[in-house]
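First the structure, in the form of structure tokens, and then the observations on it.
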Amino acid sequence: MPSYLKAAGLLALTASAFAAPAPQATTDAPAGTATAAPAPPVVSSQVTGPTSHGPYSGQPTTTGALSNTVLAASIPALPPNPTATTYLANGELQDPQPAPYTPAGGLGTNGTEPVYNVKSDFDYQSFALALYQEWIELDLFHHGLAKFSAEEFEAAGLTAEDRYLIEFMADQEVGHSTLLTNIIGESAPVQCTYNYPFTTVREFLDFCQKLTRFGESGVYGFLEHLDSRESATLLLQSITTEARQQLIFRQFDGIFPMPVWFIVGVPQSWAWTLLAPYISECPANQTRLAWQNFPALAILNQPNPARLDARQTGINETIDTGTNTLDSTVVPPEEACFDADDELADCNPRISQNRSIPLSYPGREVYFSWETPGKPVGPNNSYITSTTAGAPKFVLWASQLNVTYSPLTNVSGTTGMTVQPDVSTFEGDPAVNGTVFVALTDLDLYVTPFNISLVNPHVAAGPALYQAG
């Protein structure tokens with residue numbers, strides 16, 4: 001029986017990279033038997049790594065985002081490439097086929113052996129950000145299972161089988177962390193210690209569904225811009241798993257699992273702004289990121305999914321800014337939706353929940369407060385929030401395929417309000433639904449899903465996660 005250990009069947013490596021996961025190969029063996037190659041090792045087991053949690057109390061040894069020579073204040077908005085509309089899309093083949101059953105075109109389709117590594121600063125910094133995200137998810141899922149008792153989970157409607165699913169999702173993060181570490185190489189970020197705001201199972205579940213939302217959307221925002229198309233393929237196969245995690249945590253949270261037709265992508269600096277405050281301490285020589293940390297944005301009347309009627313949500317029913325996770329302790333028992341008599345109004349964990357009273361609606365007044373720049377955040381308090389924007393004038397709503405603006409009104413210092421817009425992606429699909437990104441800007445700049453990062457110089461505060469549905 002021939003050996004299948006051929007270079008074309010393995011992930012090519014660079015001198016600075018770790019061994020990447022490879023297809024399992026068989027070796028010469030008697031007929032009727034098969035010998036599997038040893039499984040590639042993981043960078044962390046399911047039971048090791050930092051277990052302490054809490055805020056950072058030391059002094060940073062360095063501050064600010066990673067930077068070198070900056071060539072311009074911002075990336076200019078340019079017209080479309082002249083060749084962007086020249087292809088004749090009439091259903092006929094326009095160019096000779098390079099091989100049978102193979103139409104001309106595509107990237108990475110000429111037979112060149114793939115090399116799964118980072119190929120630019122953009123690649124490196126994007127993968128490093130994604131790895132920070134995978135590390136916190138690995139810790140978070142295990143920590144939630146350790147922090148709360150089986151009785152507390154049972155009281156929140158989650159059985160032993162449900163808890164095992166959370167454990168398995170943590171195990172998935174071992175694979176994701178290993179994959180990204182192998183792609184980046186020896187300088188890849190390692191696991192840190194973390195500081196979480198939740199104190200109840202319900203808050204833990206809501207925090208998880210929000211953290212996986214910006215983890216998933218943060219990758220979609222840069223995936224198609226990566227220079228390394230090979231590595232983008234593997235990252236896509238990782239992030240589609242996270243999409244399933246986000247849906248599952250929505251089910252555990254008692255809200256409709258997928259209320260949108262499309263999943264939004266957001267810039268790296270948005271994801272880093274939301275993630276960094278929960279990273280307490282990393283090793284002093286940890287790889288630093290170049291992405292911006294914007295001032296935090298709080299939604300003062302964030303719809304509370306723990307209520308029978310979210311229209312009764314009061315002020316400050318959240319436990320943090322940024323993610324704006326629900327506070328389950330402020331809802332009186334008679335106003336709580338868990339175990340409600342009306343099944344159309346309860347918020348117990350289910351495969352699907354179609355609650356009769358929506359969490360939000362077009363025309364709803366939404367109130368904000370925001371921080372001023374200059375606050376230390378993130379690992380070792382070593383990153384500083386900043387903005388290049390002027391005074392905020394608009395609220396940017398990023399959801400599905402849309403970026404929509406509404407006026408920021410009644411501004412007083414660092415507070416203001418807006419009205420939830422009534423806009424649809426397509427007929428029958430309200431754009432503002434699910435877990436939505438909102439930010440304050442000084443300009444209603446026209447951007448689309450592929451160039452949404454052009455708005456970054458105009459972000460005054462945020463993003464925050466708005467629980468629209």
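Naming scheme: A, B, ... for chains in displayed order of the structure tokens; residues 1 onward per chain; ligands 1 onward as shown.
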
Closest pair table for range 153-222 of chain A residues within 7 Å of range 315-326 of chain A, only C-alpha atoms, as JSON lines:
{"residue": "A:Pro197", "atom": "CA", "partner": "A:Ile319", "partner_atom": "CA", "distance": 6.4}
{"residue": "A:Glu203", "atom": "CA", "partner": "A:Leu326", "partner_atom": "CA", "distance": 6.1}
{"residue": "A:Asp206", "atom": "CA", "partner": "A:Thr325", "partner_atom": "CA", "distance": 6.2}
{"residue": "A:Phe207", "atom": "CA", "partner": "A:Thr325", "partner_atom": "CA", "distance": 5.6}
{"residue": "A:Lys210", "atom": "CA", "partner": "A:Thr323", "partner_atom": "CA", "distance": 6.3}

Kindly provide the residues of range 276-365 of chain A that approach range 390-402 of chain A to within 12 Å, each paired with its closest atom pair and their distance in Å to one decimal, based on only C-alpha atoms, listed by chain and increasing number, as a tab-separated table.
residue	atom	partner	partner_atom	distance
A:Pro295	CA	A:Pro392	CA	12.0
A:Leu297	CA	A:Val395	CA	11.1
A:Ile299	CA	A:Val395	CA	11.6

May I have the residues from that selection written out with all heavy atoms, as a PDB file, in the first residue's frame?
ATOM      1  N   PRO A 295     -13.102  55.159  23.019  1.00  0.00           N
ATOM      2  CA  PRO A 295     -13.772  55.358  24.307  1.00  0.00           C
ATOM      3  C   PRO A 295     -15.032  54.495  24.411  1.00  0.00           C
ATOM      4  O   PRO A 295     -15.751  54.287  23.423  1.00  0.00           O
ATOM      5  CB  PRO A 295     -14.119  56.852  24.305  1.00  0.00           C
ATOM      6  CG  PRO A 295     -13.083  57.470  23.398  1.00  0.00           C
ATOM      7  CD  PRO A 295     -12.856  56.443  22.332  1.00  0.00           C
ATOM      8  N   LEU A 297     -18.761  53.055  25.199  1.00  0.00           N
ATOM      9  CA  LEU A 297     -20.109  53.577  24.999  1.00  0.00           C
ATOM     10  C   LEU A 297     -21.098  52.722  25.792  1.00  0.00           C
ATOM     11  O   LEU A 297     -21.076  51.491  25.689  1.00  0.00           O
ATOM     12  CB  LEU A 297     -20.465  53.552  23.512  1.00  0.00           C
ATOM     13  CG  LEU A 297     -21.872  53.997  23.108  1.00  0.00           C
ATOM     14  CD1 LEU A 297     -22.119  55.452  23.480  1.00  0.00           C
ATOM     15  CD2 LEU A 297     -22.078  53.785  21.606  1.00  0.00           C
ATOM     16  N   ILE A 299     -25.188  51.966  26.707  1.00  0.00           N
ATOM     17  CA  ILE A 299     -26.587  52.140  26.324  1.00  0.00           C
ATOM     18  C   ILE A 299     -27.394  52.144  27.616  1.00  0.00           C
ATOM     19  O   ILE A 299     -27.561  51.110  28.270  1.00  0.00           O
ATOM     20  CB  ILE A 299     -27.046  51.021  25.390  1.00  0.00           C
ATOM     21  CG1 ILE A 299     -26.151  50.990  24.137  1.00  0.00           C
ATOM     22  CG2 ILE A 299     -28.514  51.197  24.998  1.00  0.00           C
ATOM     23  CD1 ILE A 299     -26.346  49.767  23.278  1.00  0.00           C
TER      24      ILE A 299
END

Quick check for you: according to DSSP on this backbone, which residues of range 225-423 of chain A are classed as strand (DSSP E)? Reply as a PyMOL selection string. chain A and resi 279-281+297-299+365-370+376-377+383-384+394-399+402-407+409-412+415-419

Go ahead and dump the residues you just picked, C-alpha atoms, as a PDB file, in the first residue's frame.
ATOM      1  CA  ILE A 279      -8.230  41.082  29.534  1.00  0.00           C
ATOM      2  CA  SER A 280      -6.650  41.729  32.911  1.00  0.00           C
ATOM      3  CA  GLU A 281      -2.979  40.770  32.679  1.00  0.00           C
ATOM      4  CA  LEU A 297     -20.109  53.577  24.999  1.00  0.00           C
ATOM      5  CA  ALA A 298     -22.966  52.663  27.362  1.00  0.00           C
ATOM      6  CA  ILE A 299     -26.587  52.140  26.324  1.00  0.00           C
ATOM      7  CA  GLU A 365     -35.809  56.249  22.156  1.00  0.00           C
ATOM      8  CA  VAL A 366     -32.294  55.042  22.983  1.00  0.00           C
ATOM      9  CA  TYR A 367     -30.150  56.833  25.567  1.00  0.00           C
ATOM     10  CA  PHE A 368     -26.348  56.848  25.700  1.00  0.00           C
ATOM     11  CA  SER A 369     -23.458  57.900  27.851  1.00  0.00           C
ATOM     12  CA  TRP A 370     -19.836  57.675  26.813  1.00  0.00           C
ATOM     13  CA  PRO A 376      -6.041  52.910  30.290  1.00  0.00           C
ATOM     14  CA  VAL A 377      -7.648  49.603  29.266  1.00  0.00           C
ATOM     15  CA  TYR A 383      -3.559  50.456  26.032  1.00  0.00           C
ATOM     16  CA  ILE A 384      -5.075  53.945  26.005  1.00  0.00           C
ATOM     17  CA  PHE A 394     -24.655  60.710  14.693  1.00  0.00           C
ATOM     18  CA  VAL A 395     -25.365  57.200  15.912  1.00  0.00           C
ATOM     19  CA  LEU A 396     -24.048  54.569  13.509  1.00  0.00           C
ATOM     20  CA  TRP A 397     -26.035  51.306  13.409  1.00  0.00           C
ATOM     21  CA  ALA A 398     -24.071  48.405  11.860  1.00  0.00           C
ATOM     22  CA  SER A 399     -26.242  45.361  11.286  1.00  0.00           C
ATOM     23  CA  ASN A 402     -26.385  48.003   6.396  1.00  0.00           C
ATOM     24  CA  VAL A 403     -24.641  50.935   7.987  1.00  0.00           C
ATOM     25  CA  THR A 404     -27.378  53.366   8.959  1.00  0.00           C
ATOM     26  CA  TYR A 405     -27.121  56.712  10.759  1.00  0.00           C
ATOM     27  CA  SER A 406     -29.565  58.431  13.063  1.00  0.00           C
ATOM     28  CA  PRO A 407     -29.086  61.908  14.589  1.00  0.00           C
ATOM     29  CA  THR A 409     -29.794  64.614  19.919  1.00  0.00           C
ATOM     30  CA  ASN A 410     -30.241  66.115  23.396  1.00  0.00           C
ATOM     31  CA  VAL A 411     -26.474  66.063  23.851  1.00  0.00           C
ATOM     32  CA  SER A 412     -25.380  67.203  27.301  1.00  0.00           C
ATOM     33  CA  THR A 415     -24.849  61.896  27.260  1.00  0.00           C
ATOM     34  CA  GLY A 416     -27.346  61.969  24.409  1.00  0.00           C
ATOM     35  CA  MET A 417     -30.149  60.094  22.720  1.00  0.00           C
ATOM     36  CA  THR A 418     -31.411  58.920  19.347  1.00  0.00           C
ATOM     37  CA  VAL A 419     -34.404  57.109  17.869  1.00  0.00           C
TER      38      VAL A 419
END

Between CA of Val219 in chain A and CA of Trp291 in chain A, what is the distance, to one decimal in Å?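 Result for CA of Val219 in chain A versus CA of Trp291 in chain A: 13.7 Å, one decimal.
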
Which residue out of A:Val118, A:His176, A:Ile248, A:Trp272 has the minimum interatomic distance to Ser231 in chain A when only C-alpha atoms are used?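 Among the listed residues, A:Val118 lies closest to Ser231 in chain A.
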
Can you write out as CSV which residues of range 172-247 of chain A fall within 12 Å of range 138-162 of chain A, alongside each residue's closest atom pair and its distance in Å to one decimal, counting only C-alpha atoms and ordering rows by chain and ascending residue number?
residue,atom,partner,partner_atom,distance
A:Gln172,CA,A:Leu138,CA,8.1
A:Glu173,CA,A:Leu138,CA,5.2
A:Val174,CA,A:Leu138,CA,6.7
A:Gly175,CA,A:Leu138,CA,9.8
A:His176,CA,A:Leu138,CA,9.2
A:Ser177,CA,A:Leu138,CA,8.4
A:Thr178,CA,A:Leu138,CA,11.3
A:Val190,CA,A:Leu138,CA,11.8
A:Gln191,CA,A:Asp139,CA,8.5
A:Cys192,CA,A:Asp139,CA,9.0
A:Thr193,CA,A:Asp139,CA,8.4
A:Tyr194,CA,A:Asp139,CA,8.1
A:Asn195,CA,A:Leu140,CA,9.6
A:Tyr196,CA,A:Leu140,CA,8.3
A:Pro197,CA,A:Leu140,CA,11.4
A:Phe198,CA,A:Gly144,CA,9.3
A:Thr199,CA,A:Lys147,CA,9.0
A:Thr200,CA,A:Phe148,CA,7.8
A:Val201,CA,A:Phe153,CA,6.5
A:Arg202,CA,A:Ala156,CA,6.8
A:Glu203,CA,A:Gly144,CA,10.2
A:Phe204,CA,A:Gly144,CA,6.7
A:Leu205,CA,A:Gly144,CA,8.8
A:Asp206,CA,A:Gly144,CA,11.7
A:Phe207,CA,A:Leu140,CA,9.7
A:Cys208,CA,A:Leu140,CA,8.0
A:Gln209,CA,A:Phe141,CA,11.2
A:Leu211,CA,A:Leu140,CA,9.8
A:Thr212,CA,A:Leu140,CA,10.8
A:Glu242,CA,A:Leu138,CA,11.7
A:Gln245,CA,A:Phe141,CA,10.8

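One finds CA of Asn117 in chain A at 14.2 Å from CA of Leu223 in chain A.
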
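Residues with any atom within 8 Å of Ala306 in chain A, counting only C-alpha atoms and excluding same-chain neighbours fewer than 3 positions away, are Ala310, Leu326, Ser328, Val331, Ala336, Cys337, Phe338 and Cys347 of chain A.
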
Selection export as a CSV table (one decimal), in the first residue's frame, atoms kept: all heavy atoms:
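Output below, filename selection_14.csv:
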chain,number,residue,atom,x,y,z
A,310,ALA,N,-39.6,44.0,27.6
A,310,ALA,CA,-38.4,44.8,27.6
A,310,ALA,C,-38.8,46.3,27.5
A,310,ALA,O,-37.9,47.2,27.7
A,310,ALA,CB,-37.6,44.4,26.4
A,326,LEU,N,-26.8,42.2,30.1
A,326,LEU,CA,-27.9,42.4,31.0
A,326,LEU,C,-27.6,42.2,32.5
A,326,LEU,O,-26.7,41.4,32.8
A,326,LEU,CB,-29.1,41.4,30.6
A,326,LEU,CG,-28.9,39.9,30.8
A,326,LEU,CD1,-29.3,39.5,32.2
A,326,LEU,CD2,-29.8,39.2,29.9
A,328,SER,N,-29.3,40.7,35.6
A,328,SER,CA,-30.5,39.9,35.9
A,328,SER,C,-31.0,40.1,37.4
A,328,SER,O,-32.1,39.7,37.7
A,328,SER,CB,-30.1,38.4,35.8
A,328,SER,OG,-29.1,38.0,36.7
A,331,VAL,N,-34.3,42.9,38.0
A,331,VAL,CA,-35.7,42.6,37.6
A,331,VAL,C,-36.5,42.0,38.7
A,331,VAL,O,-36.1,40.9,39.2
A,331,VAL,CB,-35.6,41.7,36.3
A,331,VAL,CG1,-37.1,41.5,35.8
A,331,VAL,CG2,-34.7,42.3,35.2
A,336,ALA,N,-40.0,39.3,35.7
A,336,ALA,CA,-39.0,38.4,35.0
A,336,ALA,C,-39.7,37.4,34.1
A,336,ALA,O,-40.8,36.9,34.4
A,336,ALA,CB,-38.2,37.7,36.0
A,337,CYS,N,-39.0,37.1,33.0
A,337,CYS,CA,-39.7,36.2,32.0
A,337,CYS,C,-39.3,34.8,32.2
A,337,CYS,O,-40.0,33.9,31.6
A,337,CYS,CB,-39.2,36.7,30.6
A,337,CYS,SG,-37.4,36.7,30.3
A,338,PHE,N,-38.4,34.4,33.0
A,338,PHE,CA,-38.0,33.0,33.2
A,338,PHE,C,-39.2,32.3,33.9
A,338,PHE,O,-39.7,32.8,34.9
A,338,PHE,CB,-36.8,32.9,34.0
A,338,PHE,CG,-36.3,31.4,34.1
A,338,PHE,CD1,-35.5,30.9,33.1
A,338,PHE,CD2,-36.5,30.7,35.2
A,338,PHE,CE1,-35.1,29.6,33.1
A,338,PHE,CE2,-36.1,29.3,35.3
A,338,PHE,CZ,-35.3,28.8,34.2
A,347,CYS,N,-38.6,33.3,28.8
A,347,CYS,CA,-37.3,33.3,28.2
A,347,CYS,C,-36.5,32.2,28.6
A,347,CYS,O,-35.2,32.3,28.8
A,347,CYS,CB,-36.6,34.7,28.5
A,347,CYS,SG,-36.5,35.0,30.3

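The space between CA of Asn348 in chain A and CA of Pro332 in chain A spans 16.5 Å.
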
Using only C-alpha atoms, which protein or nucleic acid residues come within 10 Å of Ala77 in chain A? Drop anything in the same chain fewer than 4 positions from it, and give the result as number ranges by chain. A: 447, 451, 454

Store the residues of this selection in a file with C-alpha atoms, as a PDB file, in the first residue's frame.
ATOM      1  CA  VAL A 447     -19.514  52.991   3.866  1.00  0.00           C
ATOM      2  CA  ASN A 451     -14.853  49.273   3.475  1.00  0.00           C
ATOM      3  CA  LEU A 454     -13.003  53.911   6.647  1.00  0.00           C
TER       4      LEU A 454
END

Among A:Leu359, A:Ile255, A:Ala128, A:Ala65, Asp309 in chain A is approached most closely, using only C-alpha atoms, by A:Leu359

Write down as an NGL selection string the residues belonging to range 214-425 of chain A that are assigned alpha helix (DSSP H) by DSSP computed on the backbone. :A and (214-223 or 229-252 or 268-275)

With distances taken over only C-alpha atoms, which residue among A:Gly378, A:Gly314, A:Pro257, A:Ala232 lies nearest Pro114 in chain A?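 Looking only at the distances to Pro114 in chain A, the closest residue turns out to be A:Ala232.
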
With a distance cut-off of 7 Å and only C-alpha atoms, select the neighbouring residues of Thr287 in chain A, excluding the residue or stretch itself and same-chain residues fewer than 2 positions from it, and output the selection as a PyMOL selection string. chain A and resi 187-189+285+289
